[in-house]
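Have a look at the structure below, then the notes.
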Amino acid sequence: MAQVEATTERTISADAETVFDALADYRGTRSKVLPEQFSEYEVREGGDGEGTLVHWKLQATSKRVRDCLLEVSEPTDGELVEKDRNSSMVTTWRVTPAGEGRSRVVVTTTWKGAGGIGGFFERTFAPKGLARIYDAVLARLAAEVEK
């Protein structure tokens, strides 16, 4: 099994602290910025960054739905890590300043992919599909914090 990785980034016209706080707000902002690929969203513990346990279903394709139960940690300033208890998937959000009143958000998701021909297709197409989904999340996040 090979490691699969999808990365998306966006510069947002809001300071890094505001953007990070919005991302870490699982009870409020986060649920508002998720596109239609996410369903059954539920905060089970916490709700603000470190220590949060959140559930959702991610429909990556018409046939592929992941049931995700994510533990949230904040290993460094400006970084949220979501580890899925149900799979090898880990999503890392990094928010850094990008000039006055602007920030750069990079979201990277990794997981252990399948082997064989299925794994080839997963490594080829899944990162592009997931990047599109997270690009939508970042566009909605920007709209939310740039108000």
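Residues in the structure tokens are numbered from 1 in each chain, the chains being A, B, ... in the order shown, and ligands are numbered from 1 in the order shown.
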
* **Contact residues around Val90 of chain A with only C-alpha atoms at 6 Å, ignoring same-chain residues under 6 positions, as a PyMOL selection string** => chain A and resi 82-83+109-110

* To do: Identify, on the basis of only C-alpha atoms, every residue whose closest approach to Glu17 of chain A does not exceed 8 Å; exclude the query and any residue fewer than 3 positions from it along the same chain; express the result as a ChimeraX atom specification.
  => /A:20-21,78

* To do: For Leu130 of chain A, please output as a ChimeraX atom specification all residues within 10 Å (counting only C-alpha atoms; exclusion window: fewer than 5 positions along the same chain).
  => /A:5-8,58-61,108-109,125,135-136

* Asked: How far is it from atom CA of Leu138 of chain A to atom CA of Glu40 of chain A, in Å with one decimal?
  ->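 Spanning atom CA of Leu138 of chain A to atom CA of Glu40 of chain A is a straight-line distance of 19.9 Å.
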
Do a neighbour search on Ser39 of chain A at 10 Å with only C-alpha atoms, toss out local chain neighbours closer than 3 positions, and write the hits as a PDB file with N, CA, C and O atoms, in the first residue's frame.
ATOM      1  N   SER A  31     -18.987  23.748  10.486  1.00  0.00           N
ATOM      2  CA  SER A  31     -20.159  23.103   9.884  1.00  0.00           C
ATOM      3  C   SER A  31     -20.753  23.949   8.760  1.00  0.00           C
ATOM      4  O   SER A  31     -21.328  23.414   7.820  1.00  0.00           O
ATOM      5  N   LEU A  34     -18.637  23.499   5.140  1.00  0.00           N
ATOM      6  CA  LEU A  34     -18.508  22.203   4.475  1.00  0.00           C
ATOM      7  C   LEU A  34     -19.470  22.113   3.294  1.00  0.00           C
ATOM      8  O   LEU A  34     -20.653  22.386   3.435  1.00  0.00           O
ATOM      9  N   PRO A  35     -18.978  21.702   2.122  1.00  0.00           N
ATOM     10  CA  PRO A  35     -19.845  21.561   0.952  1.00  0.00           C
ATOM     11  C   PRO A  35     -20.680  20.283   1.027  1.00  0.00           C
ATOM     12  O   PRO A  35     -20.583  19.512   1.991  1.00  0.00           O
ATOM     13  N   GLU A  36     -21.472  20.042   0.002  1.00  0.00           N
ATOM     14  CA  GLU A  36     -22.445  18.949  -0.011  1.00  0.00           C
ATOM     15  C   GLU A  36     -21.826  17.561   0.075  1.00  0.00           C
ATOM     16  O   GLU A  36     -22.532  16.591   0.381  1.00  0.00           O
ATOM     17  N   GLU A  42     -21.454  15.907  13.074  1.00  0.00           N
ATOM     18  CA  GLU A  42     -21.801  15.906  14.493  1.00  0.00           C
ATOM     19  C   GLU A  42     -20.546  16.077  15.349  1.00  0.00           C
ATOM     20  O   GLU A  42     -19.603  15.308  15.226  1.00  0.00           O
ATOM     21  N   HIS A  55     -17.622  13.879  13.883  1.00  0.00           N
ATOM     22  CA  HIS A  55     -17.997  12.830  12.933  1.00  0.00           C
ATOM     23  C   HIS A  55     -18.600  13.466  11.680  1.00  0.00           C
ATOM     24  O   HIS A  55     -19.289  14.477  11.760  1.00  0.00           O
ATOM     25  N   TRP A  56     -18.303  12.862  10.525  1.00  0.00           N
ATOM     26  CA  TRP A  56     -19.018  13.192   9.293  1.00  0.00           C
ATOM     27  C   TRP A  56     -18.837  12.061   8.308  1.00  0.00           C
ATOM     28  O   TRP A  56     -17.986  11.203   8.478  1.00  0.00           O
ATOM     29  N   LYS A  57     -19.680  12.070   7.299  1.00  0.00           N
ATOM     30  CA  LYS A  57     -19.495  11.170   6.168  1.00  0.00           C
ATOM     31  C   LYS A  57     -19.024  12.020   5.011  1.00  0.00           C
ATOM     32  O   LYS A  57     -19.565  13.100   4.766  1.00  0.00           O
ATOM     33  N   LEU A  58     -17.985  11.553   4.340  1.00  0.00           N
ATOM     34  CA  LEU A  58     -17.411  12.261   3.198  1.00  0.00           C
ATOM     35  C   LEU A  58     -17.674  11.432   1.950  1.00  0.00           C
ATOM     36  O   LEU A  58     -17.191  10.306   1.834  1.00  0.00           O
ATOM     37  N   GLN A  59     -18.461  12.005   1.041  1.00  0.00           N
ATOM     38  CA  GLN A  59     -18.753  11.320  -0.220  1.00  0.00           C
ATOM     39  C   GLN A  59     -17.799  11.856  -1.270  1.00  0.00           C
ATOM     40  O   GLN A  59     -18.046  12.870  -1.909  1.00  0.00           O
ATOM     41  N   VAL A  65     -17.992   6.510  -0.120  1.00  0.00           N
ATOM     42  CA  VAL A  65     -18.353   7.295   1.061  1.00  0.00           C
ATOM     43  C   VAL A  65     -17.505   6.807   2.227  1.00  0.00           C
ATOM     44  O   VAL A  65     -17.466   5.616   2.514  1.00  0.00           O
ATOM     45  N   ASP A  67     -16.886   6.979   6.287  1.00  0.00           N
ATOM     46  CA  ASP A  67     -17.460   7.317   7.582  1.00  0.00           C
ATOM     47  C   ASP A  67     -16.282   7.745   8.461  1.00  0.00           C
ATOM     48  O   ASP A  67     -15.453   6.916   8.828  1.00  0.00           O
TER      49      ASP A  67
END

Taking the backbone alone, and naming residues the way the document does, which bits of segment 6-131 of chain A are alpha helix (DSSP H) by DSSP, as a PDB file with N, CA and C atoms, in the first residue's frame?
ATOM      1  N   ALA A  16      -4.322  35.647  10.137  1.00  0.00           N
ATOM      2  CA  ALA A  16      -4.156  34.217  10.411  1.00  0.00           C
ATOM      3  C   ALA A  16      -4.910  33.781  11.664  1.00  0.00           C
ATOM      4  N   GLU A  17      -4.938  34.603  12.687  1.00  0.00           N
ATOM      5  CA  GLU A  17      -5.631  34.230  13.922  1.00  0.00           C
ATOM      6  C   GLU A  17      -7.129  34.068  13.681  1.00  0.00           C
ATOM      7  N   THR A  18      -7.711  34.979  12.925  1.00  0.00           N
ATOM      8  CA  THR A  18      -9.144  34.907  12.605  1.00  0.00           C
ATOM      9  C   THR A  18      -9.458  33.651  11.812  1.00  0.00           C
ATOM     10  N   VAL A  19      -8.618  33.346  10.825  1.00  0.00           N
ATOM     11  CA  VAL A  19      -8.832  32.174   9.972  1.00  0.00           C
ATOM     12  C   VAL A  19      -8.677  30.892  10.789  1.00  0.00           C
ATOM     13  N   PHE A  20      -7.632  30.830  11.594  1.00  0.00           N
ATOM     14  CA  PHE A  20      -7.408  29.640  12.420  1.00  0.00           C
ATOM     15  C   PHE A  20      -8.564  29.429  13.387  1.00  0.00           C
ATOM     16  N   ASP A  21      -8.998  30.497  14.054  1.00  0.00           N
ATOM     17  CA  ASP A  21     -10.103  30.385  15.007  1.00  0.00           C
ATOM     18  C   ASP A  21     -11.371  29.882  14.321  1.00  0.00           C
ATOM     19  N   ALA A  22     -11.621  30.329  13.098  1.00  0.00           N
ATOM     20  CA  ALA A  22     -12.791  29.872  12.348  1.00  0.00           C
ATOM     21  C   ALA A  22     -12.671  28.377  12.020  1.00  0.00           C
ATOM     22  N   LEU A  23     -11.493  27.949  11.582  1.00  0.00           N
ATOM     23  CA  LEU A  23     -11.271  26.530  11.276  1.00  0.00           C
ATOM     24  C   LEU A  23     -11.425  25.655  12.510  1.00  0.00           C
ATOM     25  N   ALA A  24     -10.963  26.147  13.639  1.00  0.00           N
ATOM     26  CA  ALA A  24     -10.992  25.375  14.882  1.00  0.00           C
ATOM     27  C   ALA A  24     -12.376  25.369  15.535  1.00  0.00           C
ATOM     28  N   THR A  29     -18.456  27.694  12.853  1.00  0.00           N
ATOM     29  CA  THR A  29     -17.993  27.986  11.498  1.00  0.00           C
ATOM     30  C   THR A  29     -17.740  26.737  10.664  1.00  0.00           C
ATOM     31  N   ARG A  30     -17.095  25.728  11.227  1.00  0.00           N
ATOM     32  CA  ARG A  30     -16.699  24.568  10.420  1.00  0.00           C
ATOM     33  C   ARG A  30     -17.902  23.921   9.746  1.00  0.00           C
ATOM     34  N   SER A  31     -18.987  23.748  10.486  1.00  0.00           N
ATOM     35  CA  SER A  31     -20.159  23.103   9.884  1.00  0.00           C
ATOM     36  C   SER A  31     -20.753  23.949   8.760  1.00  0.00           C
ATOM     37  N   LYS A  32     -20.580  25.275   8.818  1.00  0.00           N
ATOM     38  CA  LYS A  32     -21.110  26.174   7.789  1.00  0.00           C
ATOM     39  C   LYS A  32     -20.312  26.119   6.489  1.00  0.00           C
ATOM     40  N   VAL A  33     -19.021  25.788   6.568  1.00  0.00           N
ATOM     41  CA  VAL A  33     -18.166  25.885   5.377  1.00  0.00           C
ATOM     42  C   VAL A  33     -18.000  24.555   4.638  1.00  0.00           C
ATOM     43  N   GLY A 116      -2.300  -2.736  -5.998  1.00  0.00           N
ATOM     44  CA  GLY A 116      -2.761  -3.216  -7.292  1.00  0.00           C
ATOM     45  C   GLY A 116      -3.307  -2.138  -8.194  1.00  0.00           C
ATOM     46  N   ILE A 117      -4.147  -2.563  -9.147  1.00  0.00           N
ATOM     47  CA  ILE A 117      -4.698  -1.635 -10.133  1.00  0.00           C
ATOM     48  C   ILE A 117      -5.638  -0.628  -9.478  1.00  0.00           C
ATOM     49  N   GLY A 118      -6.392  -1.089  -8.471  1.00  0.00           N
ATOM     50  CA  GLY A 118      -7.266  -0.165  -7.740  1.00  0.00           C
ATOM     51  C   GLY A 118      -6.466   0.935  -7.078  1.00  0.00           C
ATOM     52  N   GLY A 119      -5.322   0.564  -6.523  1.00  0.00           N
ATOM     53  CA  GLY A 119      -4.446   1.541  -5.894  1.00  0.00           C
ATOM     54  C   GLY A 119      -3.877   2.531  -6.894  1.00  0.00           C
ATOM     55  N   PHE A 120      -3.584   2.047  -8.091  1.00  0.00           N
ATOM     56  CA  PHE A 120      -3.089   2.946  -9.147  1.00  0.00           C
ATOM     57  C   PHE A 120      -4.125   4.025  -9.437  1.00  0.00           C
ATOM     58  N   PHE A 121      -5.383   3.610  -9.608  1.00  0.00           N
ATOM     59  CA  PHE A 121      -6.441   4.580  -9.896  1.00  0.00           C
ATOM     60  C   PHE A 121      -6.687   5.504  -8.710  1.00  0.00           C
ATOM     61  N   GLU A 122      -6.595   4.960  -7.506  1.00  0.00           N
ATOM     62  CA  GLU A 122      -6.770   5.786  -6.311  1.00  0.00           C
ATOM     63  C   GLU A 122      -5.677   6.853  -6.240  1.00  0.00           C
ATOM     64  N   ARG A 123      -4.431   6.460  -6.434  1.00  0.00           N
ATOM     65  CA  ARG A 123      -3.323   7.419  -6.379  1.00  0.00           C
ATOM     66  C   ARG A 123      -3.402   8.443  -7.501  1.00  0.00           C
ATOM     67  N   THR A 124      -3.993   8.049  -8.634  1.00  0.00           N
ATOM     68  CA  THR A 124      -4.088   8.947  -9.784  1.00  0.00           C
ATOM     69  C   THR A 124      -5.239   9.934  -9.647  1.00  0.00           C
ATOM     70  N   PHE A 125      -6.414   9.466  -9.218  1.00  0.00           N
ATOM     71  CA  PHE A 125      -7.609  10.304  -9.265  1.00  0.00           C
ATOM     72  C   PHE A 125      -8.085  10.844  -7.920  1.00  0.00           C
ATOM     73  N   ALA A 126      -7.881  10.112  -6.846  1.00  0.00           N
ATOM     74  CA  ALA A 126      -8.389  10.553  -5.540  1.00  0.00           C
ATOM     75  C   ALA A 126      -7.808  11.903  -5.097  1.00  0.00           C
ATOM     76  N   PRO A 127      -6.497  12.143  -5.257  1.00  0.00           N
ATOM     77  CA  PRO A 127      -5.984  13.449  -4.824  1.00  0.00           C
ATOM     78  C   PRO A 127      -6.638  14.626  -5.550  1.00  0.00           C
ATOM     79  N   LYS A 128      -6.920  14.471  -6.842  1.00  0.00           N
ATOM     80  CA  LYS A 128      -7.562  15.566  -7.589  1.00  0.00           C
ATOM     81  C   LYS A 128      -8.982  15.795  -7.098  1.00  0.00           C
ATOM     82  N   GLY A 129      -9.720  14.707  -6.849  1.00  0.00           N
ATOM     83  CA  GLY A 129     -11.084  14.843  -6.357  1.00  0.00           C
ATOM     84  C   GLY A 129     -11.133  15.463  -4.976  1.00  0.00           C
ATOM     85  N   LEU A 130     -10.253  15.005  -4.100  1.00  0.00           N
ATOM     86  CA  LEU A 130     -10.213  15.552  -2.745  1.00  0.00           C
ATOM     87  C   LEU A 130      -9.757  17.011  -2.764  1.00  0.00           C
ATOM     88  N   ALA A 131      -8.827  17.344  -3.640  1.00  0.00           N
ATOM     89  CA  ALA A 131      -8.380  18.738  -3.764  1.00  0.00           C
ATOM     90  C   ALA A 131      -9.552  19.637  -4.165  1.00  0.00           C
TER      91      ALA A 131
END

* Asked: What does the distance from atom CA of Ile12 of chain A to atom CA of Tyr26 of chain A come to in Å, to one decimal?
  ->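 Pair atom CA of Ile12 of chain A / atom CA of Tyr26 of chain A returns 19.2 Å.
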
* For Asp84 of chain A: contacts at 7 Å, only C-alpha atoms, fewer than 5 positions along chain excluded, given as a PyMOL selection string -> chain A and resi 68-71+89-90

For the structure I just gave you, how does DSSP split chain A - specifically, which residues are strand (DSSP E or B)? Reply as a PDB file with C-alpha atoms, in the first residue's frame.
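File part.pdb, as written:
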ATOM      1  CA  GLN A   3       0.798   6.680   0.759  1.00  0.00           C
ATOM      2  CA  VAL A   4      -1.701   8.914  -1.076  1.00  0.00           C
ATOM      3  CA  GLU A   5      -1.617  12.685  -0.581  1.00  0.00           C
ATOM      4  CA  ALA A   6      -3.874  15.565  -1.617  1.00  0.00           C
ATOM      5  CA  THR A   7      -2.918  19.199  -0.965  1.00  0.00           C
ATOM      6  CA  THR A   8      -4.883  22.401  -1.537  1.00  0.00           C
ATOM      7  CA  GLU A   9      -4.034  25.961  -0.577  1.00  0.00           C
ATOM      8  CA  ARG A  10      -5.589  29.407  -0.656  1.00  0.00           C
ATOM      9  CA  THR A  11      -4.710  32.939   0.401  1.00  0.00           C
ATOM     10  CA  ILE A  12      -7.507  34.516   2.399  1.00  0.00           C
ATOM     11  CA  ASP A  25     -14.649  26.302  15.585  1.00  0.00           C
ATOM     12  CA  PHE A  38     -20.036  16.169   3.809  1.00  0.00           C
ATOM     13  CA  SER A  39     -23.073  14.772   5.629  1.00  0.00           C
ATOM     14  CA  GLU A  40     -24.126  13.571   9.089  1.00  0.00           C
ATOM     15  CA  TYR A  41     -21.891  16.210  10.709  1.00  0.00           C
ATOM     16  CA  GLU A  42     -21.801  15.906  14.493  1.00  0.00           C
ATOM     17  CA  VAL A  43     -19.472  17.246  17.185  1.00  0.00           C
ATOM     18  CA  ARG A  44     -19.229  14.472  19.777  1.00  0.00           C
ATOM     19  CA  GLU A  45     -16.707  16.026  22.197  1.00  0.00           C
ATOM     20  CA  ASP A  48     -13.011  24.207  19.712  1.00  0.00           C
ATOM     21  CA  LEU A  53     -14.047  14.635  18.360  1.00  0.00           C
ATOM     22  CA  VAL A  54     -16.130  15.190  15.239  1.00  0.00           C
ATOM     23  CA  HIS A  55     -17.997  12.830  12.933  1.00  0.00           C
ATOM     24  CA  TRP A  56     -19.018  13.192   9.293  1.00  0.00           C
ATOM     25  CA  LYS A  57     -19.495  11.170   6.168  1.00  0.00           C
ATOM     26  CA  LEU A  58     -17.411  12.261   3.198  1.00  0.00           C
ATOM     27  CA  GLN A  59     -18.753  11.320  -0.220  1.00  0.00           C
ATOM     28  CA  VAL A  65     -18.353   7.295   1.061  1.00  0.00           C
ATOM     29  CA  ARG A  66     -16.027   7.414   4.073  1.00  0.00           C
ATOM     30  CA  ASP A  67     -17.460   7.317   7.582  1.00  0.00           C
ATOM     31  CA  CYS A  68     -15.021   9.586   9.457  1.00  0.00           C
ATOM     32  CA  LEU A  69     -14.570   9.963  13.216  1.00  0.00           C
ATOM     33  CA  LEU A  70     -11.854  12.548  13.668  1.00  0.00           C
ATOM     34  CA  GLU A  71      -9.740  13.395  16.711  1.00  0.00           C
ATOM     35  CA  VAL A  72      -8.451  16.961  16.546  1.00  0.00           C
ATOM     36  CA  SER A  73      -5.071  18.061  17.882  1.00  0.00           C
ATOM     37  CA  GLU A  79      -1.906  23.900  12.879  1.00  0.00           C
ATOM     38  CA  LEU A  80      -4.930  21.607  13.264  1.00  0.00           C
ATOM     39  CA  VAL A  81      -4.549  17.863  12.702  1.00  0.00           C
ATOM     40  CA  GLU A  82      -7.597  15.650  12.203  1.00  0.00           C
ATOM     41  CA  LYS A  83      -6.866  11.911  12.605  1.00  0.00           C
ATOM     42  CA  ASP A  84      -9.588   9.512  11.515  1.00  0.00           C
ATOM     43  CA  VAL A  90      -4.979  12.331   8.454  1.00  0.00           C
ATOM     44  CA  THR A  91      -5.838  15.900   7.436  1.00  0.00           C
ATOM     45  CA  THR A  92      -3.543  18.750   8.458  1.00  0.00           C
ATOM     46  CA  TRP A  93      -4.588  22.405   8.254  1.00  0.00           C
ATOM     47  CA  ARG A  94      -1.786  25.000   8.422  1.00  0.00           C
ATOM     48  CA  VAL A  95      -2.587  28.704   8.692  1.00  0.00           C
ATOM     49  CA  THR A  96       0.266  31.215   8.333  1.00  0.00           C
ATOM     50  CA  PRO A  97       0.407  34.999   7.877  1.00  0.00           C
ATOM     51  CA  SER A 103      -3.245  34.463   5.566  1.00  0.00           C
ATOM     52  CA  ARG A 104      -2.304  31.331   3.677  1.00  0.00           C
ATOM     53  CA  VAL A 105      -4.161  28.113   4.416  1.00  0.00           C
ATOM     54  CA  VAL A 106      -2.703  24.782   3.293  1.00  0.00           C
ATOM     55  CA  VAL A 107      -4.729  21.606   3.799  1.00  0.00           C
ATOM     56  CA  THR A 108      -3.051  18.246   3.248  1.00  0.00           C
ATOM     57  CA  THR A 109      -4.744  14.874   3.534  1.00  0.00           C
ATOM     58  CA  THR A 110      -2.791  11.616   3.538  1.00  0.00           C
ATOM     59  CA  TRP A 111      -3.836   7.981   3.788  1.00  0.00           C
ATOM     60  CA  LYS A 112      -2.592   4.509   2.976  1.00  0.00           C
TER      61      LYS A 112
END
